[in-house]
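Participant: Let me begin by handing over the structure; questions about it come next.
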Amino acid sequence: AEHAIPVSRVTGKLLFPREMVEAWVWQQAEYVGGTEGLHGRPPVLAGSHDPLLEWALRESGSELAAFFDGSLDGLGRLAAGKAIAAGLHVYEPESEDWNRGHVERAMAGMPVVLMEWAWRTQGLVVPAGNPKGMTQLGDLKGGTLIPRQKSSGSHLLLDHLVREAGLDPSRLQTIEPPARSEADVALAVAEGKADAGFAVETVARQFRLGFVPLFRERYDLAVWRRDYFEPSLQKLFTFCRGPAFHKRAEELGGYDVSGLGRVHYNGP
């Protein structure tokens with residue numbers, strides 16, 4: 001009656017998604033015991049892999065664990081109360097926006113905040129010197145591609161760009177298994193297992209590989225509003241406002257962190 005519990009109304013029926021209700025229960029829980037700091041959600045940052053974020057988690061002393069297995073996987077874990085934050089870069093062509101629609105649908109009615117982390121340059125990672133002379137997506141027809149897992153924002157974005165270019169994603173020559181991180185893409189290209197991969201500019205620089213820029217994307221952090229004030233996330237964001245973080249972003253290349261912390265969605 002108070003519209004507090006997450007619910008979907010379908011053809012006159014009220015459906016209560018188990019994972020969302022469990023996450024809501026953790027959010028509302030109060031503890032009256034003797035153990036200080038007991039918390040329902042584990043100190044885990046899930047979602048999409050980002051080299052700068054991975055570095056900042058360590059350097060900030062946040063004590064947050066990372067479980068990077070794709071944007072959609074991270075969003076599901078966040079909604080289920082299995083993480084306190086998730087990194088996302090899911091392109092939404094219908095609105096030409098990033099992440100917000102997916103967060104609104106997956107976590108309807110939940111107190112979650114979508115905060116900007118960085119703008120990144122995505123493109124084709126190719127061998128040093130770009131021996132096949134790749135300059136656009138159409139050139140993938142002449143080589144092998146290391147794909148990403150289907151739960152990743154990179155997979156969704158590449159699929160969209162390939163279709164926009166008039167190509168059939170199913171006709172691309174790919175290798176298995178798919179890469180599960182940005183670094184795995186670069187490693188496959190560096191070892192000669194694939195002629196190209198779709199990843200951020202940073203990993204191409206780190207592995208001294210060639211890079212063909214194709215798209216500029218926004219990477220956000222979806223955070224439980226209450227957990228934003230926990231010491232772990234406060235350590236991370238405090239560190240990221242300092243000079244060491246900005247210097248590292250510049251060194252890695254392909255990042256624009258000028259909008260760090262900007263709120264793009266604030267749930268009820």
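Residue numbers start at 1 in each chain; chains themselves are named A, B, ... in the order of the structure tokens; ligands are numbered from 1 in the order shown.
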Please identify the alpha helix (DSSP H) residues within range 15-245 of chain A (assignment by DSSP from backbone atoms) and present them as JSON, numbers by chain.

Facilitator: {"A": [18, 19, 20, 21, 22, 23, 24, 25, 26, 27, 28, 51, 52, 53, 54, 55, 56, 57, 58, 59, 71, 72, 73, 74, 75, 76, 77, 78, 79, 100, 101, 102, 103, 104, 105, 106, 153, 154, 155, 156, 157, 158, 159, 160, 161, 162, 163, 164, 182, 183, 184, 185, 186, 187, 188, 189, 190, 201, 202, 203, 204, 205, 206, 231, 232, 233, 234, 235, 236, 237, 238, 239, 240, 243, 244, 245]}

Participant: Please provide as a short mmCIF file (atom, residue, chain, number, x, y, z; two decimals) with C-alpha atoms, in the first residue's frame all residues within 12 Å of Glu94 in chain A, with the sequence filter that same-chain residues fewer than 6 positions apart are discarded (counting only C-alpha atoms).

Facilitator:
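Dumped to out_24.cif:
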```
data_model
loop_
_atom_site.label_atom_id
_atom_site.label_comp_id
_atom_site.auth_asym_id
_atom_site.auth_seq_id
_atom_site.Cartn_x
_atom_site.Cartn_y
_atom_site.Cartn_z
CA ARG A 100 20.46 5.27 -16.84
CA GLY A 101 17.64 3.36 -18.53
CA HIS A 160 25.47 -1.89 -32.19
#
```

Participant: Which neighbours of Met115 in chain A fall inside 8 Å, counting only C-alpha atoms, when residues of the same chain fewer than 4 positions from it are skipped, and could you give them as a ChimeraX atom specification?

Facilitator: /A:220-223,260-265

Participant: Write to file, as an mmCIF file, in the first residue's frame, the residues of the selection just made, with C-alpha atoms.

Facilitator:
```
data_model
loop_
_atom_site.group_PDB
_atom_site.id
_atom_site.type_symbol
_atom_site.label_atom_id
_atom_site.label_comp_id
_atom_site.auth_asym_id
_atom_site.auth_seq_id
_atom_site.Cartn_x
_atom_site.Cartn_y
_atom_site.Cartn_z
ATOM 1 C CA ASP A 220 29.532 5.265 -14.543
ATOM 2 C CA LEU A 221 29.392 3.833 -11.053
ATOM 3 C CA ALA A 222 25.974 2.772 -9.750
ATOM 4 C CA VAL A 223 26.088 2.954 -5.947
ATOM 5 C CA LEU A 260 34.040 12.592 -11.971
ATOM 6 C CA GLY A 261 31.228 12.328 -9.396
ATOM 7 C CA ARG A 262 28.553 14.010 -11.525
ATOM 8 C CA VAL A 263 25.142 12.468 -10.704
ATOM 9 C CA HIS A 264 23.196 11.207 -13.729
ATOM 10 C CA TYR A 265 20.415 9.436 -11.815
#
```

Participant: Pick from A:Pro243, A:Pro131, A:Pro231, A:Pro93: nearest to Glu164 in chain A, with only C-alpha atoms counted?

Facilitator: A:Pro93

Participant: Name the residues of range 41-199 of chain A that come out as strand (DSSP E or B) in a backbone DSSP run; write them as a PyMOL selection string.

Facilitator: chain A and resi 44-47+65-68+85-88+91-92+97-98+112-126+144-146+148+173-174+179+196-199

Participant: Expressed in Å to a single decimal, how great is the separation between CA of Leu75 in chain A and CA of Phe198 in chain A?

Facilitator: 21.4 Å

Participant: Have a look at A:Gln149, A:Thr144, A:Gln206, A:Gln122 and name the one nearest to Leu161 in chain A; count only C-alpha atoms.

Facilitator: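 Checking each candidate against Leu161 in chain A, we get A:Gln122 as the closest.
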
Participant: As a list in words, please: the residues near His49 in chain A (cut-off 8 Å, only C-alpha atoms, same-chain neighbours under 6 positions excluded).

Facilitator: Phe68, Asp69, Gly70, Gly87, Ser181 and Glu182 of chain A
